[in-house]
Amino acid sequence: MRHSLSLGRHLLKSCRLYVICPDGIDANKLFSFSCPGMGALTSASGILSLSKFNMAAHPLLSTLQSRHDFPSSEFEKFLALFQPRNIAKNEMLFHQGEVVKQLMFILKGCMRQYHLTQEGIERTIFFAEEGWWCGEMDSFINRTPSTMSMQALEDCEVLSIDLENWEHATRTIPDYALYQIKNRGRNVAWLKNLLSNMATETPDEKYRRILKETPHWINRLPQYHIASYLGVTPETLSRIRKRNMHL
């Protein structure tokens, strides 16, 4: 229980969670990459552009509109504040104790956010996939050391935004500010539920919840990372999987 309470404090600090990216990209170069369902994405001097057809299908716009009635007419102005970035598999985006400098939206790939326990053991808090924001908002906004670390588990394609542009978006695009408020409330509710599950569920129950809510994790993620998420050793996870093979 003492460990759960300690972890709970870490989670509550990361409630402003999103998950971050190292220092930016040379804005004088031209970047391009592709993302399923949105065609080619390009950036010159940090300004992104898409055809109107692809703009309407952009996954970032879909995410904004899933939480708030974000107007499509404002999206191009909002998108121009981001820079595209490729993150290599196993790359560390930031370490525990560092100040987070960017927030990211994941277009492709998967990341994990974790912290070190007092015993020096990595404890994975969550996995961020396509359509997720990632970063630690408390560190990002207040320039304080992060209580978490972030690592890419796959080659990732992201859109990143620094604090100056994030504050500009919040001041000049009211619908983004409203989205932030609504999304923050959702994150708080999600974290409360996560804390409750961590305090009351057995490792077998946690594993069965993965099978029910995010079954694709079993094949997508390394088993030792799933074990870290459950708070058990890989050997214990193997026994848990055998006990639940009938599900």
# chains A, B, ... in the order shown; residues from 1 in each chain; ligands from 1
>>> closest_atom_pairs(of="range 126-185 of chain A", to="range 59-78 of chain A", cutoff="10 Å", atoms="only C-alpha atoms", output="Markdown table")
| residue | atom | partner | partner_atom | distance |
| --- | --- | --- | --- | --- |
| A:Glu130 | CA | A:Pro59 | CA | 8.7 |
| A:Gly131 | CA | A:Thr63 | CA | 6.6 |
| A:Trp132 | CA | A:Thr63 | CA | 8.2 |
| A:Trp133 | CA | A:Thr63 | CA | 9.4 |
| A:Leu159 | CA | A:Leu60 | CA | 9.0 |
| A:Asn165 | CA | A:Phe78 | CA | 9.3 |
| A:Trp166 | CA | A:Phe78 | CA | 9.5 |
| A:His168 | CA | A:Phe78 | CA | 9.6 |
| A:Ala169 | CA | A:Phe78 | CA | 6.7 |
| A:Thr170 | CA | A:Phe78 | CA | 9.8 |
| A:Thr172 | CA | A:Phe78 | CA | 9.5 |
| A:Ile173 | CA | A:Glu74 | CA | 7.5 |
| A:Pro174 | CA | A:Phe70 | CA | 9.5 |
| A:Asp175 | CA | A:Phe70 | CA | 5.8 |
| A:Tyr176 | CA | A:Phe70 | CA | 7.2 |
| A:Leu178 | CA | A:His68 | CA | 7.4 |
| A:Tyr179 | CA | A:His68 | CA | 5.5 |
| A:Gln180 | CA | A:Arg67 | CA | 9.0 |
| A:Ile181 | CA | A:His68 | CA | 9.7 |
| A:Lys182 | CA | A:Arg67 | CA | 6.7 |
| A:Asn183 | CA | A:Arg67 | CA | 6.5 |
>>> residues_around(residues="Gly231 in chain A", least_positions_apart="6", cutoff="9 Å", atoms="only C-alpha atoms", output="PDB file with all heavy atoms, in the first residue's frame")
ATOM      1  N   ARG A 123       9.103   1.640 -13.288  1.00  0.00           N
ATOM      2  CA  ARG A 123       7.680   1.292 -13.211  1.00  0.00           C
ATOM      3  C   ARG A 123       6.942   2.050 -14.307  1.00  0.00           C
ATOM      4  O   ARG A 123       6.833   3.282 -14.262  1.00  0.00           O
ATOM      5  CB  ARG A 123       7.107   1.652 -11.840  1.00  0.00           C
ATOM      6  CG  ARG A 123       5.627   1.287 -11.706  1.00  0.00           C
ATOM      7  CD  ARG A 123       5.415  -0.222 -11.706  1.00  0.00           C
ATOM      8  NE  ARG A 123       4.005  -0.555 -11.854  1.00  0.00           N
ATOM      9  CZ  ARG A 123       3.147  -0.666 -10.851  1.00  0.00           C
ATOM     10  NH1 ARG A 123       3.547  -0.436  -9.610  1.00  0.00           N
ATOM     11  NH2 ARG A 123       1.893  -1.007 -11.071  1.00  0.00           N
ATOM     12  N   THR A 124       6.471   1.321 -15.302  1.00  0.00           N
ATOM     13  CA  THR A 124       5.758   1.936 -16.426  1.00  0.00           C
ATOM     14  C   THR A 124       4.379   2.390 -15.971  1.00  0.00           C
ATOM     15  O   THR A 124       3.625   1.626 -15.354  1.00  0.00           O
ATOM     16  CB  THR A 124       5.632   0.947 -17.591  1.00  0.00           C
ATOM     17  OG1 THR A 124       6.952   0.603 -18.051  1.00  0.00           O
ATOM     18  CG2 THR A 124       4.845   1.562 -18.747  1.00  0.00           C
ATOM     19  N   PRO A 203      -2.593  -8.546  -9.813  1.00  0.00           N
ATOM     20  CA  PRO A 203      -1.944  -8.580 -11.128  1.00  0.00           C
ATOM     21  C   PRO A 203      -2.764  -9.340 -12.170  1.00  0.00           C
ATOM     22  O   PRO A 203      -2.821  -8.931 -13.341  1.00  0.00           O
ATOM     23  CB  PRO A 203      -0.601  -9.267 -10.852  1.00  0.00           C
ATOM     24  CG  PRO A 203      -0.293  -8.888  -9.442  1.00  0.00           C
ATOM     25  CD  PRO A 203      -1.635  -8.899  -8.743  1.00  0.00           C
TER      26      PRO A 203
END
>>> atom_distance(atom1="CA of Asn90 in chain A", atom2="CA of Ala152 in chain A")
5.0 Å
>>> residues_around(residues="Thr144 in chain A", least_positions_apart="3", cutoff="9 Å", atoms="only C-alpha atoms", output="ChimeraX atom specification")
/A:97-100,138-141
>>> atom_distance(atom1="CA of Pro145 in chain A", atom2="CA of His115 in chain A")
12.7 Å
